[in-house]
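File shown here: input13.pdb, holding PDB, C-alpha atoms and all ligand atoms.
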MODEL        1
ATOM      1  CA  MET K  28      12.898 -17.651  32.959  1.00  0.00           C
ATOM      2  CA  LYS K  29      11.690 -17.354  29.437  1.00  0.00           C
ATOM      3  CA  ILE K  30      13.370 -17.948  26.130  1.00  0.00           C
ATOM      4  CA  TYR K  31      13.297 -14.403  24.781  1.00  0.00           C
ATOM      5  CA  ILE K  32      14.304 -15.064  21.163  1.00  0.00           C
ATOM      6  CA  ARG K  33      13.037 -17.630  18.737  1.00  0.00           C
ATOM      7  CA  PHE K  34      13.657 -17.928  15.021  1.00  0.00           C
ATOM      8  CA  GLN K  35      11.295 -20.396  13.445  1.00  0.00           C
ATOM      9  CA  ASN K  36       9.614 -21.656  10.318  1.00  0.00           C
ATOM     10  CA  LEU K  37       5.872 -22.001  10.531  1.00  0.00           C
ATOM     11  CA  ASP K  38       4.695 -25.442   9.483  1.00  0.00           C
ATOM     12  CA  ASN K  39       0.990 -24.767   9.197  1.00  0.00           C
ATOM     13  CA  PRO K  40      -1.228 -21.723   8.902  1.00  0.00           C
ATOM     14  CA  ILE K  41      -4.139 -21.245  11.297  1.00  0.00           C
ATOM     15  CA  SER K  42      -7.514 -22.631  10.294  1.00  0.00           C
ATOM     16  CA  LEU K  43     -10.761 -20.691  10.261  1.00  0.00           C
ATOM     17  CA  SER K  44     -14.174 -22.222  10.875  1.00  0.00           C
ATOM     18  CA  GLN K  45     -16.563 -22.571   7.959  1.00  0.00           C
ATOM     19  CA  ASN K  46     -18.660 -19.720   9.383  1.00  0.00           C
ATOM     20  CA  ASP K  47     -15.666 -17.433   9.653  1.00  0.00           C
ATOM     21  CA  GLN K  48     -14.542 -18.274   6.130  1.00  0.00           C
ATOM     22  CA  THR K  49     -18.006 -17.516   4.786  1.00  0.00           C
ATOM     23  CA  PHE K  50     -18.124 -14.232   6.677  1.00  0.00           C
ATOM     24  CA  ALA K  51     -14.670 -13.262   5.400  1.00  0.00           C
ATOM     25  CA  SER K  52     -15.658 -14.018   1.791  1.00  0.00           C
ATOM     26  CA  ARG K  53     -18.826 -11.975   2.203  1.00  0.00           C
ATOM     27  CA  LEU K  54     -16.758  -9.039   3.463  1.00  0.00           C
ATOM     28  CA  LEU K  55     -14.641  -9.252   0.330  1.00  0.00           C
ATOM     29  CA  VAL K  56     -17.677  -9.520  -1.942  1.00  0.00           C
ATOM     30  CA  GLU K  57     -19.179  -6.474  -0.236  1.00  0.00           C
ATOM     31  CA  ASP K  58     -15.899  -4.670  -0.749  1.00  0.00           C
ATOM     32  CA  VAL K  59     -15.502  -4.011   2.958  1.00  0.00           C
ATOM     33  CA  PRO K  60     -11.813  -3.619   3.707  1.00  0.00           C
ATOM     34  CA  TRP K  61      -9.868  -5.290   6.525  1.00  0.00           C
ATOM     35  CA  ASP K  62      -9.890  -2.027   8.457  1.00  0.00           C
ATOM     36  CA  GLY K  63     -11.415   1.428   8.282  1.00  0.00           C
ATOM     37  CA  GLU K  64     -14.991   2.593   8.063  1.00  0.00           C
ATOM     38  CA  ILE K  65     -17.794   0.399   6.810  1.00  0.00           C
ATOM     39  CA  LYS K  66     -20.200   2.653   4.947  1.00  0.00           C
ATOM     40  CA  VAL K  67     -22.567   0.447   2.998  1.00  0.00           C
ATOM     41  CA  CYS K  68     -22.850  -3.211   3.851  1.00  0.00           C
ATOM     42  CA  THR K  69     -25.716  -5.693   3.810  1.00  0.00           C
ATOM     43  CA  LEU K  70     -24.095  -7.826   6.514  1.00  0.00           C
ATOM     44  CA  LYS K  71     -25.601  -7.409   9.966  1.00  0.00           C
ATOM     45  CA  ASN K  72     -23.258  -6.026  12.633  1.00  0.00           C
ATOM     46  CA  ALA K  73     -20.474  -6.139  10.067  1.00  0.00           C
ATOM     47  CA  LYS K  74     -18.068  -3.884  11.938  1.00  0.00           C
ATOM     48  CA  TYR K  75     -18.453  -5.652  15.254  1.00  0.00           C
ATOM     49  CA  ARG K  76     -18.187  -9.115  13.664  1.00  0.00           C
ATOM     50  CA  ARG K  77     -15.188  -8.102  11.593  1.00  0.00           C
ATOM     51  CA  GLU K  78     -13.335  -6.883  14.702  1.00  0.00           C
ATOM     52  CA  GLU K  79     -14.307 -10.066  16.496  1.00  0.00           C
ATOM     53  CA  LEU K  80     -12.929 -12.165  13.654  1.00  0.00           C
ATOM     54  CA  LYS K  81      -9.672 -10.216  13.676  1.00  0.00           C
ATOM     55  CA  GLU K  82      -9.303 -10.770  17.427  1.00  0.00           C
ATOM     56  CA  LYS K  83      -9.919 -14.471  16.896  1.00  0.00           C
ATOM     57  CA  ILE K  84      -7.288 -14.577  14.154  1.00  0.00           C
ATOM     58  CA  LYS K  85      -4.816 -12.843  16.457  1.00  0.00           C
ATOM     59  CA  ARG K  86      -5.393 -15.364  19.253  1.00  0.00           C
ATOM     60  CA  LYS K  87      -4.955 -18.254  16.833  1.00  0.00           C
ATOM     61  CA  LEU K  88      -1.745 -16.771  15.449  1.00  0.00           C
ATOM     62  CA  LEU K  89      -0.405 -16.361  18.981  1.00  0.00           C
ATOM     63  CA  ARG K  90      -1.059 -20.029  19.650  1.00  0.00           C
ATOM     64  CA  ASN K  91       0.429 -21.032  16.314  1.00  0.00           C
ATOM     65  CA  GLN K  92       3.723 -19.175  16.490  1.00  0.00           C
ATOM     66  CA  GLY K  93       4.075 -18.468  20.199  1.00  0.00           C
ATOM     67  CA  GLU K  94       4.696 -14.993  21.539  1.00  0.00           C
ATOM     68  CA  TYR K  95       7.540 -14.250  19.142  1.00  0.00           C
ATOM     69  CA  CYS K  96       7.791 -11.842  16.247  1.00  0.00           C
ATOM     70  CA  ILE K  97       8.073 -13.932  13.121  1.00  0.00           C
ATOM     71  CA  TYR K  98      10.649 -11.579  11.607  1.00  0.00           C
ATOM     72  CA  CYS K  99      13.061 -10.474  14.352  1.00  0.00           C
ATOM     73  CA  GLY K 100      12.456 -13.461  16.621  1.00  0.00           C
ATOM     74  CA  LEU K 101      12.032 -11.309  19.743  1.00  0.00           C
ATOM     75  CA  HIS K 102       9.511 -12.222  22.428  1.00  0.00           C
ATOM     76  CA  PHE K 103       6.599  -9.765  22.491  1.00  0.00           C
ATOM     77  CA  GLU K 104       7.560  -8.870  26.045  1.00  0.00           C
ATOM     78  CA  ILE K 105      10.786  -7.395  24.633  1.00  0.00           C
ATOM     79  CA  SER K 106       9.415  -5.961  21.386  1.00  0.00           C
ATOM     80  CA  PRO K 107       5.783  -5.416  22.297  1.00  0.00           C
ATOM     81  CA  ASN K 108       2.417  -4.709  20.696  1.00  0.00           C
ATOM     82  CA  PRO K 109       2.113  -7.605  18.270  1.00  0.00           C
ATOM     83  CA  GLU K 110       0.176  -6.822  15.136  1.00  0.00           C
ATOM     84  CA  ILE K 111      -1.335  -9.003  12.452  1.00  0.00           C
ATOM     85  CA  ASP K 112       0.925  -8.648   9.448  1.00  0.00           C
ATOM     86  CA  HIS K 113      -0.291  -9.351   5.936  1.00  0.00           C
ATOM     87  CA  ILE K 114       2.750 -10.862   4.269  1.00  0.00           C
ATOM     88  CA  ALA K 115       1.523  -9.619   0.884  1.00  0.00           C
ATOM     89  CA  LEU K 116       0.140  -6.125   1.474  1.00  0.00           C
ATOM     90  CA  LYS K 117      -3.586  -6.070   2.152  1.00  0.00           C
ATOM     91  CA  SER K 118      -3.895  -2.696   0.430  1.00  0.00           C
ATOM     92  CA  ARG K 119      -2.714  -4.235  -2.813  1.00  0.00           C
ATOM     93  CA  PHE K 120      -3.860  -7.841  -2.433  1.00  0.00           C
ATOM     94  CA  LYS K 121      -7.295  -7.460  -0.912  1.00  0.00           C
ATOM     95  CA  GLU K 122      -8.342 -11.000  -1.802  1.00  0.00           C
ATOM     96  CA  GLN K 123      -5.614 -12.319   0.497  1.00  0.00           C
ATOM     97  CA  SER K 124      -6.762 -10.194   3.494  1.00  0.00           C
ATOM     98  CA  PHE K 125      -8.195 -13.151   5.405  1.00  0.00           C
ATOM     99  CA  GLU K 126      -6.082 -15.884   3.819  1.00  0.00           C
ATOM    100  CA  PRO K 127      -4.372 -17.772   6.686  1.00  0.00           C
ATOM    101  CA  GLU K 128      -1.198 -18.335   4.643  1.00  0.00           C
ATOM    102  CA  ASN K 129      -0.902 -14.563   4.324  1.00  0.00           C
ATOM    103  CA  LEU K 130      -1.201 -13.856   8.061  1.00  0.00           C
ATOM    104  CA  VAL K 131       1.477 -13.781  10.765  1.00  0.00           C
ATOM    105  CA  LEU K 132       2.145 -11.840  13.949  1.00  0.00           C
ATOM    106  CA  ALA K 133       4.938  -9.312  13.931  1.00  0.00           C
ATOM    107  CA  CYS K 134       6.133  -6.850  16.548  1.00  0.00           C
ATOM    108  CA  GLN K 135       5.184  -3.230  16.017  1.00  0.00           C
ATOM    109  CA  THR K 136       8.756  -2.385  15.051  1.00  0.00           C
ATOM    110  CA  CYS K 137       9.043  -5.011  12.287  1.00  0.00           C
ATOM    111  CA  ASN K 138       5.578  -4.228  10.975  1.00  0.00           C
ATOM    112  CA  GLY K 139       6.223  -0.484  11.162  1.00  0.00           C
ATOM    113  CA  ARG K 140       7.316   2.038   8.593  1.00  0.00           C
ATOM    114  CA  SER K 141      11.037   1.729   9.314  1.00  0.00           C
ATOM    115  CA  ARG K 142      10.970  -2.021   8.571  1.00  0.00           C
ATOM    116  CA  LYS K 143       8.372  -3.918   6.505  1.00  0.00           C
ATOM    117  CA  GLY K 144       5.663  -1.235   6.573  1.00  0.00           C
ATOM    118  CA  LYS K 145       4.161  -0.741   3.144  1.00  0.00           C
ATOM    119  CA  ARG K 146       7.083  -2.304   1.328  1.00  0.00           C
ATOM    120  CA  HIS K 147       6.213  -4.383  -1.707  1.00  0.00           C
ATOM    121  CA  ILE K 148       7.463  -7.866  -1.124  1.00  0.00           C
ATOM    122  CA  VAL K 149       5.697  -9.573  -4.020  1.00  0.00           C
ATOM    123  CA  ILE K 150       7.904  -9.455  -7.101  1.00  0.00           C
ATOM    124  CA  ASP K 151       5.265  -9.667  -9.828  1.00  0.00           C
ATOM    125  CA  PRO K 152       1.667  -8.991  -8.723  1.00  0.00           C
ATOM    126  CA  ASN K 153       0.366 -10.960 -11.706  1.00  0.00           C
ATOM    127  CA  ALA K 154       2.525 -14.016 -11.175  1.00  0.00           C
ATOM    128  CA  GLY K 155       0.472 -15.600  -8.395  1.00  0.00           C
ATOM    129  CA  PHE K 156       1.108 -16.454  -4.786  1.00  0.00           C
ATOM    130  CA  VAL K 157       3.993 -18.873  -4.960  1.00  0.00           C
ATOM    131  CA  LYS K 158       7.108 -18.666  -2.839  1.00  0.00           C
ATOM    132  CA  GLU K 159       9.322 -17.832  -5.829  1.00  0.00           C
ATOM    133  CA  ASN K 160       7.334 -14.620  -6.223  1.00  0.00           C
ATOM    134  CA  TYR K 161       8.271 -13.238  -2.797  1.00  0.00           C
ATOM    135  CA  LYS K 162      11.312 -11.116  -1.982  1.00  0.00           C
ATOM    136  CA  ILE K 163      10.921 -12.000   1.672  1.00  0.00           C
ATOM    137  CA  ILE K 164      11.550 -15.371   3.344  1.00  0.00           C
ATOM    138  CA  HIS K 165       7.978 -16.608   3.410  1.00  0.00           C
ATOM    139  CA  PRO K 166       7.201 -17.780   6.967  1.00  0.00           C
ATOM    140  CA  TYR K 167       5.039 -20.689   5.746  1.00  0.00           C
ATOM    141  CA  TRP K 168       6.525 -21.661   2.417  1.00  0.00           C
ATOM    142  CA  ASP K 169      10.263 -21.093   2.759  1.00  0.00           C
ATOM    143  CA  ASP K 170      12.759 -22.697   5.064  1.00  0.00           C
ATOM    144  CA  MET K 171      14.578 -19.775   6.654  1.00  0.00           C
ATOM    145  CA  PHE K 172      17.627 -21.965   7.232  1.00  0.00           C
ATOM    146  CA  ASP K 173      18.071 -22.167   3.448  1.00  0.00           C
ATOM    147  CA  HIS K 174      18.528 -18.419   3.405  1.00  0.00           C
ATOM    148  CA  ILE K 175      20.099 -17.327   6.690  1.00  0.00           C
ATOM    149  CA  GLU K 176      23.013 -18.768   8.595  1.00  0.00           C
ATOM    150  CA  PHE K 177      23.187 -18.508  12.360  1.00  0.00           C
ATOM    151  CA  SER K 178      26.393 -18.525  14.344  1.00  0.00           C
ATOM    152  CA  VAL K 179      27.536 -17.450  17.781  1.00  0.00           C
ATOM    153  CA  ASN K 180      30.392 -15.282  18.907  1.00  0.00           C
ATOM    154  CA  ASP K 181      31.195 -14.355  22.518  1.00  0.00           C
ATOM    155  CA  SER K 182      27.845 -12.915  23.348  1.00  0.00           C
ATOM    156  CA  ASP K 183      25.677 -12.703  20.281  1.00  0.00           C
ATOM    157  CA  LEU K 184      23.717 -14.706  17.837  1.00  0.00           C
ATOM    158  CA  LEU K 185      24.951 -13.583  14.436  1.00  0.00           C
ATOM    159  CA  LEU K 186      22.953 -13.809  11.249  1.00  0.00           C
ATOM    160  CA  SER K 187      24.433 -13.882   7.794  1.00  0.00           C
ATOM    161  CA  VAL K 188      23.233 -14.520   4.270  1.00  0.00           C
ATOM    162  CA  LYS K 189      23.501 -18.158   3.238  1.00  0.00           C
ATOM    163  CA  ASP K 190      24.682 -19.094  -0.269  1.00  0.00           C
ATOM    164  CA  SER K 191      24.146 -15.520  -1.552  1.00  0.00           C
ATOM    165  CA  SER K 192      20.409 -15.894  -0.964  1.00  0.00           C
ATOM    166  CA  GLU K 193      18.550 -12.772  -2.063  1.00  0.00           C
ATOM    167  CA  LYS K 194      15.764 -13.549   0.372  1.00  0.00           C
ATOM    168  CA  GLY K 195      18.233 -13.904   3.235  1.00  0.00           C
ATOM    169  CA  ASP K 196      19.791 -10.587   2.283  1.00  0.00           C
ATOM    170  CA  PHE K 197      16.355  -8.956   2.028  1.00  0.00           C
ATOM    171  CA  ASN K 198      15.234 -10.147   5.481  1.00  0.00           C
ATOM    172  CA  ILE K 199      18.459  -9.160   7.214  1.00  0.00           C
ATOM    173  CA  LYS K 200      18.381  -5.690   5.614  1.00  0.00           C
ATOM    174  CA  VAL K 201      14.666  -4.919   5.850  1.00  0.00           C
ATOM    175  CA  PHE K 202      14.352  -6.062   9.462  1.00  0.00           C
ATOM    176  CA  LYS K 203      17.800  -4.627  10.339  1.00  0.00           C
ATOM    177  CA  LEU K 204      18.697  -7.906  12.030  1.00  0.00           C
ATOM    178  CA  MET K 205      22.421  -7.169  12.110  1.00  0.00           C
ATOM    179  CA  ASP K 206      22.238  -3.462  12.997  1.00  0.00           C
ATOM    180  CA  THR K 207      24.055  -2.513  16.188  1.00  0.00           C
ATOM    181  CA  GLY K 208      20.837  -2.073  18.180  1.00  0.00           C
ATOM    182  CA  PRO K 209      19.421  -5.577  17.607  1.00  0.00           C
ATOM    183  CA  VAL K 210      22.874  -7.156  18.001  1.00  0.00           C
ATOM    184  CA  ILE K 211      23.396  -5.506  21.399  1.00  0.00           C
ATOM    185  CA  LEU K 212      19.835  -6.284  22.471  1.00  0.00           C
ATOM    186  CA  ARG K 213      20.172  -9.965  21.535  1.00  0.00           C
ATOM    187  CA  GLY K 214      23.547 -10.143  23.282  1.00  0.00           C
ATOM    188  CA  GLY K 215      22.037  -8.819  26.527  1.00  0.00           C
ATOM    189  CA  LEU K 216      19.106 -11.224  26.320  1.00  0.00           C
ATOM    190  CA  ILE K 217      21.359 -14.185  25.657  1.00  0.00           C
ATOM    191  CA  MET K 218      23.474 -13.384  28.723  1.00  0.00           C
ATOM    192  CA  ARG K 219      20.303 -13.030  30.807  1.00  0.00           C
ATOM    193  CA  MET K 220      18.882 -16.336  29.552  1.00  0.00           C
ATOM    194  CA  GLU K 221      22.167 -18.144  30.052  1.00  0.00           C
ATOM    195  CA  LYS K 222      22.186 -17.144  33.706  1.00  0.00           C
ATOM    196  CA  GLY K 223      18.467 -17.642  34.294  1.00  0.00           C
ATOM    197  CA  LEU K 224      18.138 -20.979  32.558  1.00  0.00           C
ATOM    198  CA  GLY K 225      21.549 -22.299  33.519  1.00  0.00           C
ATOM    199  CA  LEU K 226      22.085 -23.515  29.975  1.00  0.00           C
ATOM    200  CA  ALA K 227      25.374 -23.554  28.139  1.00  0.00           C
ATOM    201  CA  LYS K 228      25.319 -21.110  25.260  1.00  0.00           C
ATOM    202  CA  GLU K 229      25.272 -23.844  22.602  1.00  0.00           C
ATOM    203  CA  LYS K 230      22.220 -25.479  24.170  1.00  0.00           C
ATOM    204  CA  LEU K 231      20.544 -22.120  24.463  1.00  0.00           C
ATOM    205  CA  ILE K 232      21.187 -21.265  20.819  1.00  0.00           C
ATOM    206  CA  GLU K 233      19.723 -24.621  19.780  1.00  0.00           C
ATOM    207  CA  ARG K 234      16.530 -23.570  21.504  1.00  0.00           C
ATOM    208  CA  ILE K 235      16.545 -20.105  19.988  1.00  0.00           C
ATOM    209  CA  VAL K 236      17.065 -21.344  16.447  1.00  0.00           C
ATOM    210  CA  LEU K 237      14.493 -24.020  15.826  1.00  0.00           C
ATOM    211  CA  ASN K 238      15.049 -26.844  13.380  1.00  0.00           C
ATOM    212  CA  PRO K 239      18.583 -25.908  12.404  1.00  0.00           C
ATOM    213  CA  PRO K 240      19.781 -27.876   9.413  1.00  0.00           C
ATOM    214  CA  SER K 241      23.033 -28.845  11.122  1.00  0.00           C
ATOM    215  CA  PRO K 242      24.291 -28.593  14.689  1.00  0.00           C
ATOM    216  CA  ILE K 243      25.388 -25.100  15.593  1.00  0.00           C
ATOM    217  CA  ILE K 244      28.939 -25.005  16.829  1.00  0.00           C
TER     218      ILE K 244
HETATM  219 ZN    ZN K 301       9.989  -7.976  15.156  1.00  0.00          ZN
ENDMDL
END
Spit out the file's structure as structure tokens when you get a sec.
Amino acid sequence: MKIYIRFQNLDNPISLSQNDQTFASRLLVEDVPWDGEIKVCTLKNAKYRREELKEKIKRKLLRNQGEYCIYCGLHFEISPNPEIDHIALKSRFKEQSFEPENLVLACQTCNGRSRKGKRHIVIDPNAGFVKENYKIIHPYWDDMFDHIEFSVNDSDLLLSVKDSSEKGDFNIKVFKLMDTGPVILRGGLIMRMEKGLGLAKEKLIERIVLNPPSPII
């Protein structure tokens, strides 16, 4: 029986080999985007190698964060088709396309148009890539437990904004974490895990919410 939900901070980004970093920088110099057609490029087998690099990045991200969407916390078996998400949009911040601290895995729903999609999450594009410049809880640079509070009622894991955090509010709204659908889905999964794992709810919640700042009652 699996743990089907996991909310987590990411301690470290993935690392790319020197060769991969060089190739990625060359792609940027040649103005070859992350996806789409490659028309003119002096790099040999650029398209094939680019796809290969993206697959490698995806595998590394899976190892780094486990099979859980970084935003809604659901296991990819429940919310499938994980995609590489560029935290700061790749269309606008091309230079960050292959930057490990800009890459996470998200489920198709969270990465899709109804959630994060093409939303601008960088406050001031000229102010640099520092956590204060993000509207979203940054998976690598922020501690999500500074922004969101977790609690349990009869069957669900509830999320609420902590200390009027704008980032907490943004994440809960953009990813619809407290909409009826996700609440019911999480409730069902928690009941299933409780039975399957034979864990008391409190113990289970401790495993769902990693590194909580204080014990969850
Ligand atoms: Zn998700």
Given the PyMOL selection byres (((not hetatm)) within 10 of (chain K and resi 301)) and the file above, list the residues it selects as a list in words.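 Taken over the shown coordinates, the PyMOL selection byres (((not hetatm)) within 10 of (chain K and resi 301)) returns Tyr95, Cys96, Ile97, Tyr98, Cys99, Gly100, Leu101, His102, Phe103, Ile105, Ser106, Pro107, Asn108, Pro109, Glu110, Leu132, Ala133, Cys134, Gln135, Thr136, Cys137, Asn138, Gly139, Arg142, Lys143, Phe202, Lys203 and Leu204 of chain K.
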I need the chosen residues saved as a PDB file, in the frame of the given file, with C-alpha atoms.
ATOM      1  CA  TYR K  95       7.540 -14.250  19.142  1.00  0.00           C
ATOM      2  CA  CYS K  96       7.791 -11.842  16.247  1.00  0.00           C
ATOM      3  CA  ILE K  97       8.073 -13.932  13.121  1.00  0.00           C
ATOM      4  CA  TYR K  98      10.649 -11.579  11.607  1.00  0.00           C
ATOM      5  CA  CYS K  99      13.061 -10.474  14.352  1.00  0.00           C
ATOM      6  CA  GLY K 100      12.456 -13.461  16.621  1.00  0.00           C
ATOM      7  CA  LEU K 101      12.032 -11.309  19.743  1.00  0.00           C
ATOM      8  CA  HIS K 102       9.511 -12.222  22.428  1.00  0.00           C
ATOM      9  CA  PHE K 103       6.599  -9.765  22.491  1.00  0.00           C
ATOM     10  CA  ILE K 105      10.786  -7.395  24.633  1.00  0.00           C
ATOM     11  CA  SER K 106       9.415  -5.961  21.386  1.00  0.00           C
ATOM     12  CA  PRO K 107       5.783  -5.416  22.297  1.00  0.00           C
ATOM     13  CA  ASN K 108       2.417  -4.709  20.696  1.00  0.00           C
ATOM     14  CA  PRO K 109       2.113  -7.605  18.270  1.00  0.00           C
ATOM     15  CA  GLU K 110       0.176  -6.822  15.136  1.00  0.00           C
ATOM     16  CA  LEU K 132       2.145 -11.840  13.949  1.00  0.00           C
ATOM     17  CA  ALA K 133       4.938  -9.312  13.931  1.00  0.00           C
ATOM     18  CA  CYS K 134       6.133  -6.850  16.548  1.00  0.00           C
ATOM     19  CA  GLN K 135       5.184  -3.230  16.017  1.00  0.00           C
ATOM     20  CA  THR K 136       8.756  -2.385  15.051  1.00  0.00           C
ATOM     21  CA  CYS K 137       9.043  -5.011  12.287  1.00  0.00           C
ATOM     22  CA  ASN K 138       5.578  -4.228  10.975  1.00  0.00           C
ATOM     23  CA  GLY K 139       6.223  -0.484  11.162  1.00  0.00           C
ATOM     24  CA  ARG K 142      10.970  -2.021   8.571  1.00  0.00           C
ATOM     25  CA  LYS K 143       8.372  -3.918   6.505  1.00  0.00           C
ATOM     26  CA  PHE K 202      14.352  -6.062   9.462  1.00  0.00           C
ATOM     27  CA  LYS K 203      17.800  -4.627  10.339  1.00  0.00           C
ATOM     28  CA  LEU K 204      18.697  -7.906  12.030  1.00  0.00           C
TER      29      LEU K 204
END
Tell me, counting all atoms listed in the file, for each residue of region 37-140 of chain K within 7 Å of region 167-178 of chain K, which pair of atoms is nearest and how far apart they are in Å to one decimal, in rows ordered by chain and increasing number, as JSON lines.
{"residue": "K:Leu37", "atom": "CA", "partner": "K:Tyr167", "partner_atom": "CA", "distance": 5.0}
{"residue": "K:Asp38", "atom": "CA", "partner": "K:Tyr167", "partner_atom": "CA", "distance": 6.1}
{"residue": "K:Asn39", "atom": "CA", "partner": "K:Tyr167", "partner_atom": "CA", "distance": 6.7}
{"residue": "K:Glu128", "atom": "CA", "partner": "K:Tyr167", "partner_atom": "CA", "distance": 6.8}
Which residues fall under the PyMOL selection byres (((chain K and resi 58) around 12) and not hetatm) in this file, as a ChimeraX atom specification? /K:51-57,59-70,73,121-122,124
Interatomic distance, CA of Leu212 (chain K) to CA of Ile32 (chain K) (Å, one decimal):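 The value is 10.5 Å.
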Interatomic distance, CA of Ile148 (chain K) to CA of Ser191 (chain K) (Å, one decimal): 18.4 Å
In Å to one decimal, how far is CA of Arg213 (chain K) from CA of Glu104 (chain K)?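 CA of Glu104 (chain K) sits 13.4 Å away from CA of Arg213 (chain K).
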Around (6.3, -5.7, -2.0) in the file's frame, which residues reach within 10 Å when counting all atoms listed in the file? Return as an NGL selection string? :K and (114-116 or 119 or 143-152 or 160-163)
Taking all atoms listed in the file into account, name the residue in K:Glu94, K:Val210, K:His113, K:Arg140 that is nearest to Phe34 (chain K). K:Glu94
Since I can't run it myself right now, could you work out what the PyMOL selection byres (((chain K and resi 86) around 12) and not hetatm) selects here and report it as a ChimeraX atom specification? /K:41-43,79-85,87-94,109-111,131-132
Write the residues of the selection above to a file with C-alpha atoms, as an mmCIF file, in the coordinates of the input.
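Ended up saving to selection-v1.cif:
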data_model
loop_
_atom_site.group_PDB
_atom_site.id
_atom_site.type_symbol
_atom_site.label_atom_id
_atom_site.label_comp_id
_atom_site.auth_asym_id
_atom_site.auth_seq_id
_atom_site.Cartn_x
_atom_site.Cartn_y
_atom_site.Cartn_z
ATOM 1 C CA ILE K 41 -4.139 -21.245 11.297
ATOM 2 C CA SER K 42 -7.514 -22.631 10.294
ATOM 3 C CA LEU K 43 -10.761 -20.691 10.261
ATOM 4 C CA GLU K 79 -14.307 -10.066 16.496
ATOM 5 C CA LEU K 80 -12.929 -12.165 13.654
ATOM 6 C CA LYS K 81 -9.672 -10.216 13.676
ATOM 7 C CA GLU K 82 -9.303 -10.770 17.427
ATOM 8 C CA LYS K 83 -9.919 -14.471 16.896
ATOM 9 C CA ILE K 84 -7.288 -14.577 14.154
ATOM 10 C CA LYS K 85 -4.816 -12.843 16.457
ATOM 11 C CA LYS K 87 -4.955 -18.254 16.833
ATOM 12 C CA LEU K 88 -1.745 -16.771 15.449
ATOM 13 C CA LEU K 89 -0.405 -16.361 18.981
ATOM 14 C CA ARG K 90 -1.059 -20.029 19.650
ATOM 15 C CA ASN K 91 0.429 -21.032 16.314
ATOM 16 C CA GLN K 92 3.723 -19.175 16.490
ATOM 17 C CA GLY K 93 4.075 -18.468 20.199
ATOM 18 C CA GLU K 94 4.696 -14.993 21.539
ATOM 19 C CA PRO K 109 2.113 -7.605 18.270
ATOM 20 C CA GLU K 110 0.176 -6.822 15.136
ATOM 21 C CA ILE K 111 -1.335 -9.003 12.452
ATOM 22 C CA VAL K 131 1.477 -13.781 10.765
ATOM 23 C CA LEU K 132 2.145 -11.840 13.949
#
Between K:Arg219, K:His165, K:Lys74, K:Lys228, which is the closest to Met28 (chain K) once you count only C-alpha atoms? K:Arg219
Using all atoms listed in the file, which of K:Pro166, K:Lys71, K:Thr207, K:Glu193 sits nearest Leu130 (chain K)?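 Looking only at the distances to Leu130 (chain K), the closest residue turns out to be K:Pro166.
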